[in-house]
file work.txt (compact mmCIF, C-alpha atoms)
# COMPACT_ATOMS: atom_id res chain seq x y z
CA MET A 1 -52.27 -30.47 -56.23
CA GLY A 2 -54.46 -33.52 -55.81
CA ARG A 3 -54.66 -36.33 -53.32
CA SER A 4 -51.38 -37.87 -54.44
CA ARG A 5 -49.50 -34.61 -53.87
CA ARG A 6 -50.27 -33.33 -50.42
CA THR A 7 -48.65 -30.10 -49.34
CA LEU A 8 -46.97 -29.58 -45.98
CA PRO A 9 -49.81 -27.41 -44.63
CA GLU A 10 -52.28 -30.19 -45.45
CA GLU A 11 -50.09 -32.84 -43.82
CA LEU A 12 -49.59 -30.71 -40.71
CA LEU A 13 -53.34 -30.19 -40.45
CA LEU A 14 -54.06 -33.91 -40.85
CA LEU A 15 -51.56 -34.65 -38.09
CA ALA A 16 -53.34 -32.20 -35.81
CA LEU A 17 -56.84 -33.61 -36.37
CA ASP A 18 -58.06 -35.79 -33.55
CA PRO A 19 -59.80 -38.82 -35.11
CA ALA A 20 -62.09 -39.28 -32.10
CA THR A 21 -63.33 -35.72 -31.58
CA GLY A 22 -62.88 -34.08 -34.99
CA THR A 23 -61.10 -31.13 -33.39
CA THR A 24 -57.58 -29.85 -34.01
CA ALA A 25 -54.88 -29.97 -31.37
CA GLN A 26 -53.14 -26.70 -30.52
CA PRO A 27 -55.41 -24.58 -32.75
CA GLN A 28 -53.81 -21.17 -32.16
CA SER A 29 -50.22 -22.28 -32.66
CA LEU A 30 -51.38 -24.48 -35.53
CA ASP A 31 -52.50 -21.34 -37.38
CA LEU A 32 -48.92 -20.07 -37.15
CA GLY A 33 -47.61 -23.45 -38.23
CA LEU A 34 -49.75 -23.47 -41.35
CA ALA A 35 -48.34 -20.09 -42.40
CA GLY A 36 -44.85 -21.47 -41.77
CA ALA A 37 -45.60 -24.67 -43.66
CA GLN A 38 -46.54 -22.58 -46.69
CA LEU A 39 -43.08 -21.02 -46.62
CA VAL A 40 -41.39 -24.42 -46.49
CA GLU A 41 -43.56 -25.73 -49.33
CA LEU A 42 -42.70 -22.70 -51.46
CA ALA A 43 -39.00 -23.24 -50.68
CA LEU A 44 -39.24 -26.92 -51.68
CA ALA A 45 -40.84 -25.75 -54.93
CA GLY A 46 -37.88 -23.43 -55.55
CA ARG A 47 -39.94 -20.23 -55.32
CA ILE A 48 -38.39 -18.73 -52.19
CA ALA A 49 -35.13 -19.14 -50.28
CA PRO A 50 -33.82 -18.15 -46.85
CA ASP A 51 -31.71 -14.99 -46.66
CA GLY A 52 -30.39 -14.98 -43.10
CA ASP A 53 -33.50 -14.76 -40.94
CA ARG A 54 -35.46 -13.40 -43.89
CA ILE A 55 -37.36 -14.96 -46.78
CA ALA A 56 -36.62 -13.89 -50.35
CA VAL A 57 -38.61 -14.65 -53.49
CA VAL A 58 -36.26 -16.13 -56.08
CA VAL A 59 -38.75 -17.41 -58.69
CA PRO A 60 -42.14 -15.61 -58.71
CA ARG A 61 -43.70 -18.10 -61.13
CA PRO A 62 -46.96 -19.57 -59.73
CA THR A 63 -46.96 -23.14 -58.45
CA GLY A 64 -50.50 -23.94 -59.56
CA ASP A 65 -51.74 -24.22 -55.98
CA PRO A 66 -54.05 -21.21 -55.37
CA THR A 67 -53.39 -20.91 -51.64
CA LEU A 68 -49.62 -21.17 -52.01
CA ASP A 69 -49.66 -18.78 -54.93
CA CYS A 70 -51.56 -16.22 -52.87
CA ALA A 71 -48.80 -16.37 -50.25
CA LEU A 72 -46.12 -16.17 -52.96
CA GLU A 73 -47.73 -13.08 -54.47
CA LEU A 74 -47.96 -11.39 -51.08
CA LEU A 75 -44.27 -12.08 -50.52
CA ARG A 76 -43.43 -10.77 -53.99
CA ARG A 77 -45.32 -7.54 -53.33
CA ARG A 78 -43.16 -6.84 -50.32
CA GLY A 79 -40.39 -5.99 -52.78
CA ALA A 80 -37.65 -7.01 -50.32
CA PRO A 81 -36.91 -10.06 -48.17
CA VAL A 82 -39.18 -10.23 -45.14
CA ARG A 83 -38.27 -11.58 -41.73
CA ALA A 84 -39.79 -15.01 -41.24
CA VAL A 85 -40.98 -14.09 -37.75
CA HIS A 86 -42.86 -11.04 -39.08
CA TRP A 87 -44.45 -13.01 -41.91
CA ILE A 88 -45.61 -15.85 -39.68
CA GLY A 89 -46.79 -13.44 -36.99
CA GLY A 90 -48.99 -11.51 -39.41
CA PRO A 91 -52.74 -12.14 -39.68
CA ARG A 92 -53.77 -15.21 -41.67
CA LEU A 93 -57.54 -14.89 -41.40
CA GLY A 94 -59.27 -18.04 -42.61
CA LEU A 95 -56.13 -20.01 -43.48
CA ARG A 96 -57.00 -23.08 -41.42
CA GLN A 97 -60.55 -23.11 -42.76
CA THR A 98 -59.22 -22.78 -46.30
CA TYR A 99 -57.16 -25.93 -45.87
CA LEU A 100 -59.95 -27.81 -44.11
CA SER A 101 -62.30 -26.97 -46.98
CA HIS A 102 -59.69 -28.11 -49.50
CA LEU A 103 -59.22 -31.41 -47.67
CA GLU A 104 -62.98 -31.84 -47.67
CA ARG A 105 -63.19 -31.23 -51.43
CA CYS A 106 -60.43 -33.80 -51.94
CA GLY A 107 -62.36 -36.32 -49.88
CA MET A 108 -59.75 -36.55 -47.10
CA VAL A 109 -62.05 -35.20 -44.39
CA HIS A 110 -65.77 -34.68 -43.99
CA ALA A 111 -67.54 -31.94 -42.07
CA VAL A 112 -69.82 -32.83 -39.16
CA ALA A 113 -72.25 -30.11 -38.10
CA GLY A 114 -73.26 -29.82 -34.48
CA GLN A 115 -74.07 -27.44 -31.68
CA MET A 116 -72.30 -26.25 -28.56
CA CYS A 117 -74.47 -25.96 -25.46
CA GLY A 118 -77.41 -26.72 -27.73
CA VAL A 119 -77.20 -23.24 -29.28
CA LEU A 120 -73.94 -22.28 -31.00
CA PRO A 121 -73.35 -23.97 -34.37
CA THR A 122 -70.12 -25.93 -34.62
CA THR A 123 -68.33 -27.77 -37.39
CA ARG A 124 -65.90 -30.59 -36.78
CA TYR A 125 -63.81 -32.38 -39.36
CA GLN A 126 -63.05 -36.07 -39.32
CA ALA A 127 -60.72 -37.98 -41.61
CA THR A 128 -62.43 -40.13 -44.22
CA ASP A 129 -59.27 -42.06 -45.10
CA ASN A 130 -57.26 -42.86 -42.00
CA GLU A 131 -54.65 -44.58 -44.16
CA ILE A 132 -53.39 -41.17 -45.30
CA SER A 133 -52.96 -39.96 -41.72
CA ARG A 134 -51.28 -43.22 -40.79
CA GLU A 135 -48.83 -42.85 -43.68
CA ILE A 136 -47.90 -39.32 -42.58
CA ARG A 137 -47.49 -40.45 -38.98
CA ALA A 138 -45.41 -43.47 -40.07
CA ARG A 139 -42.89 -41.17 -41.75
CA LEU A 140 -42.38 -39.29 -38.49
CA ASP A 141 -42.24 -42.52 -36.48
CA SER A 142 -39.62 -43.95 -38.82
CA ALA A 143 -37.44 -40.86 -38.58
CA ILE A 144 -37.72 -40.88 -34.79
CA ARG A 145 -37.08 -44.59 -34.23
CA THR A 146 -34.45 -45.38 -36.85
CA GLY A 147 -32.25 -42.32 -36.41
CA VAL A 148 -31.77 -42.20 -40.19
CA PRO A 149 -31.79 -38.58 -41.43
CA PRO A 150 -35.20 -38.00 -43.01
CA ASP A 151 -35.89 -36.38 -46.34
CA PRO A 152 -36.29 -32.58 -46.24
CA ARG A 153 -40.09 -32.75 -46.39
CA THR A 154 -40.37 -35.11 -43.44
CA ALA A 155 -37.73 -33.17 -41.48
CA ALA A 156 -39.65 -29.93 -42.04
CA LEU A 157 -42.92 -31.58 -41.02
CA ALA A 158 -41.29 -32.82 -37.82
CA ALA A 159 -39.88 -29.36 -37.09
CA LEU A 160 -43.27 -27.74 -37.58
CA ALA A 161 -45.08 -30.41 -35.54
CA HIS A 162 -42.70 -29.73 -32.67
CA ALA A 163 -42.94 -25.95 -33.06
CA VAL A 164 -46.73 -25.88 -32.79
CA GLY A 165 -46.76 -28.25 -29.82
CA LEU A 166 -48.07 -31.44 -31.44
CA GLY A 167 -45.49 -33.59 -29.67
CA LYS A 168 -47.76 -34.30 -26.69
CA HIS A 169 -50.66 -34.96 -29.05
CA LEU A 170 -48.69 -37.44 -31.16
CA TYR A 171 -46.58 -39.00 -28.40
CA PRO A 172 -48.46 -38.49 -25.11
CA GLY A 173 -47.49 -39.30 -21.54
CA ASN A 174 -44.24 -40.32 -19.93
CA GLU A 175 -43.87 -43.16 -22.42
CA GLY A 176 -43.75 -40.65 -25.25
CA ARG A 177 -41.10 -38.43 -23.68
CA SER A 178 -38.17 -39.88 -25.64
CA SER A 179 -40.12 -39.67 -28.90
CA ARG A 180 -40.96 -36.03 -28.22
CA SER A 181 -37.29 -35.33 -27.59
CA ARG A 182 -36.28 -37.00 -30.87
CA LEU A 183 -39.04 -35.12 -32.70
CA ARG A 184 -37.50 -31.88 -31.46
CA ASP A 185 -34.03 -33.02 -32.56
CA LEU A 186 -35.22 -33.58 -36.15
CA ILE A 187 -35.41 -29.80 -36.51
CA ARG A 188 -31.73 -29.74 -37.46
CA HIS A 189 -32.15 -31.83 -40.61
CA ASP A 190 -33.74 -29.15 -42.81
CA PRO A 191 -32.41 -25.56 -42.72
CA MET A 192 -35.59 -23.97 -44.08
CA GLY A 193 -37.79 -26.06 -41.81
CA GLY A 194 -35.60 -25.11 -38.88
CA LEU A 195 -35.73 -21.41 -39.71
CA VAL A 196 -39.51 -21.47 -40.00
CA ALA A 197 -40.02 -23.62 -36.90
CA HIS A 198 -37.91 -21.27 -34.78
CA ALA A 199 -39.84 -18.32 -36.19
CA VAL A 200 -43.12 -19.99 -35.16
CA MET A 201 -41.80 -20.46 -31.63
CA ASP A 202 -40.46 -16.90 -31.54
CA VAL A 203 -43.89 -15.55 -32.45
CA GLN A 204 -45.41 -17.57 -29.61
CA ASN A 205 -42.83 -16.05 -27.28
CA GLY A 206 -43.73 -12.54 -28.47
CA ALA A 207 -40.58 -11.97 -30.52
CA ALA A 208 -42.59 -10.68 -33.50
CA ALA A 209 -43.58 -7.65 -31.45
CA GLN A 210 -39.97 -6.73 -30.66
CA PRO A 211 -38.48 -3.67 -32.43
CA ARG A 212 -36.12 -4.37 -35.31
CA ARG A 213 -33.09 -3.24 -33.31
CA GLY A 214 -33.74 -6.15 -30.90
CA PRO A 215 -32.30 -9.64 -31.25
CA ALA A 216 -32.89 -11.33 -34.60
CA ALA A 217 -35.59 -13.95 -34.73
CA THR A 218 -33.09 -16.75 -35.29
CA GLY A 219 -30.58 -15.49 -32.79
CA ARG A 220 -32.05 -17.61 -30.01
CA GLN A 221 -32.33 -20.97 -31.72
CA GLY A 222 -31.53 -22.87 -28.57
CA ALA A 223 -33.47 -25.42 -26.62
CA ALA A 224 -34.48 -22.91 -23.96
CA GLY A 225 -36.57 -20.97 -26.44
CA VAL A 226 -38.11 -24.20 -27.66
CA ARG A 227 -39.26 -25.37 -24.24
CA SER A 228 -40.68 -22.08 -23.00
CA ALA A 229 -43.07 -21.39 -25.88
CA THR A 230 -46.37 -19.87 -24.79
CA GLU A 231 -49.56 -18.98 -26.59
CA PRO A 232 -48.94 -16.78 -29.64
CA ALA A 233 -49.09 -13.03 -29.21
CA ARG A 234 -50.58 -12.44 -32.62
CA GLY A 235 -52.28 -15.70 -33.66
CA VAL A 236 -55.79 -15.32 -35.06
CA PRO A 237 -58.31 -18.19 -34.75
CA MET A 238 -59.29 -19.24 -38.22
CA GLN A 239 -62.73 -20.84 -37.93
CA PRO A 240 -65.87 -19.10 -39.20
CA HIS A 241 -67.99 -20.72 -36.46
CA ARG A 242 -66.89 -19.65 -33.03
CA GLY A 243 -67.27 -23.09 -31.56
CA SER A 244 -65.92 -25.21 -34.38
CA MET A 245 -62.47 -25.70 -32.91
CA ALA A 246 -63.08 -24.50 -29.37
CA ARG A 247 -62.64 -27.94 -27.85
CA ALA A 248 -59.17 -28.43 -29.27
CA VAL A 249 -57.18 -31.28 -27.87
CA ALA A 250 -54.42 -29.87 -25.72
CA HIS A 251 -52.42 -33.07 -25.46

call {"tool": "encode", "arguments": {"input": "work.txt", "output": "structure tokens"}}
result
Amino acid sequence: MGRSRRTLPEELLLLALDPATGTTAQPQSLDLGLAGAQLVELALAGRIAPDGDRIAVVVPRPTGDPTLDCALELLRRRGAPVRAVHWIGGPRLGLRQTYLSHLERCGMVHAVAGQMCGVLPTTRYQATDNEISREIRARLDSAIRTGVPPDPRTAALAALAHAVGLGKHLYPGNEGRSSRSRLRDLIRHDPMGGLVAHAVMDVQNGAAAQPRRGPAATGRQGAAGVRSATEPARGVPMQPHRGSMARAVAH
């Protein structure tokens, strides 16, 4: 998939990149969001489908995208539908770096080497074509301001952006409060995006560690669970250099 066909993980990552600092906002929850975005992209491609709170492979044929196809093959090997919360909560070592490297190869970002405290090597990534990021942001802005139901891809992107906590990064301060609220409300416009977004938030709340006899991952899809999300219990930082994303933008 080339520059004209960006995947949801790539768009989510571009949304999270701070143009001034080259760091990613909400890096730990973003790692969970990228795994969730892969599921939504595979669903949009007709390869998987929701089965209650689980994900089932319906067409195992590769998509042609190596990273997505790796996820599809892992799902296929499970042999049975897997709970979305367990899939997203599993280790995804290197996933964020994989997508950053892909964006760099496509010319959408460029790597900037540096040092932390004058010793530790760091790598930051800055957009080379801000028009792409503006176009992605404009889709969210339009959905928020017009109230017109967005297309499934934009609805899923909004749901994931809210789930990983990008609302305060995209719409900061008191003046952005209503936009953040509408961003959260867009979660209802895409069933798969909603399922995945709630699973991301459940993992952050520690639901992935609950025994199977406990409440289902999607059984608490209310606003209370959305607002009380904390740092993920099982998120794994994805950068090869320890300092590369350490100064993530929190808001």

call {"tool": "residues_around", "arguments": {"input": "work.txt", "residues": "range 33-38 of chain A", "least_positions_apart": "3", "cutoff": "7 Å", "atoms": "only C-alpha atoms", "output": "count of residues only"}}
result
12

call {"tool": "closest_residue", "arguments": {"input": "work.txt", "among": "A:Leu13, A:Pro19, A:Ala25, A:Arg47", "to": "Glu131 in chain A", "atoms": "all atoms listed in the file"}}
result
A:Pro19

call {"tool": "residues_around", "arguments": {"input": "work.txt", "residues": "Leu195 in chain A", "least_positions_apart": "3", "cutoff": "10 Å", "atoms": "all atoms listed in the file", "output": "list of chain:residue names"}}
result
A:Gly36, A:Val40, A:Pro50, A:Gly52, A:Asp53, A:Arg54, A:Ile55, A:Ala84, A:Val85, A:Ala156, A:Ala159, A:Ile187, A:Arg188, A:Asp190, A:Pro191, A:Met192, A:His198, A:Ala199, A:Val200, A:Ala217, A:Thr218, A:Gln221

call {"tool": "closest_residue", "arguments": {"input": "work.txt", "among": "A:Arg137, A:Leu44, A:Asp202, A:Glu104", "to": "Tyr125 in chain A", "atoms": "all atoms listed in the file"}}
result
A:Glu104

call {"tool": "closest_residue", "arguments": {"input": "work.txt", "among": "A:Arg184, A:His110, A:Arg92, A:Arg61", "to": "Gly46 in chain A", "atoms": "all atoms listed in the file"}}
result
A:Arg61

call {"tool": "residues_around", "arguments": {"input": "work.txt", "residues": "Glu11 in chain A", "least_positions_apart": "6", "cutoff": "8 Å", "atoms": "only C-alpha atoms", "output": "list in words"}}
result
Ser133, Ile136 and Leu157 of chain A

call {"tool": "write_last_selection", "arguments": {"input": "work.txt", "atoms": "C-alpha atoms", "output": "PDB file, in the frame of the given file"}}
result
ATOM      1  CA  SER A 133     -52.960 -39.960 -41.720  1.00  0.00           C
ATOM      2  CA  ILE A 136     -47.900 -39.320 -42.580  1.00  0.00           C
ATOM      3  CA  LEU A 157     -42.920 -31.580 -41.020  1.00  0.00           C
TER       4      LEU A 157
END

call {"tool": "atom_distance", "arguments": {"input": "work.txt", "atom1": "CA of Ser142 in chain A", "atom2": "CA of Leu32 in chain A"}}
result
25.7 Å

call {"tool": "atom_distance", "arguments": {"input": "work.txt", "atom1": "CA of Ala127 in chain A", "atom2": "CA of Gly22 in chain A"}}
result
8.0 Å

call {"tool": "atom_distance", "arguments": {"input": "work.txt", "atom1": "CA of Leu166 in chain A", "atom2": "CA of Glu73 in chain A"}}
result
29.5 Å

call {"tool": "closest_residue", "arguments": {"input": "work.txt", "among": "A:Leu120, A:Leu186, A:Ile132, A:Ala16", "to": "Met108 in chain A", "atoms": "all atoms listed in the file"}}
result
A:Ile132

call {"tool": "closest_residue", "arguments": {"input": "work.txt", "among": "A:Leu170, A:Val119, A:Val57, A:Ala158", "to": "Gly194 in chain A", "atoms": "only C-alpha atoms"}}
result
A:Ala158

call {"tool": "closest_residue", "arguments": {"input": "work.txt", "among": "A:Thr23, A:Thr7, A:Thr67, A:Thr146", "to": "Val112 in chain A", "atoms": "all atoms listed in the file"}}
result
A:Thr23
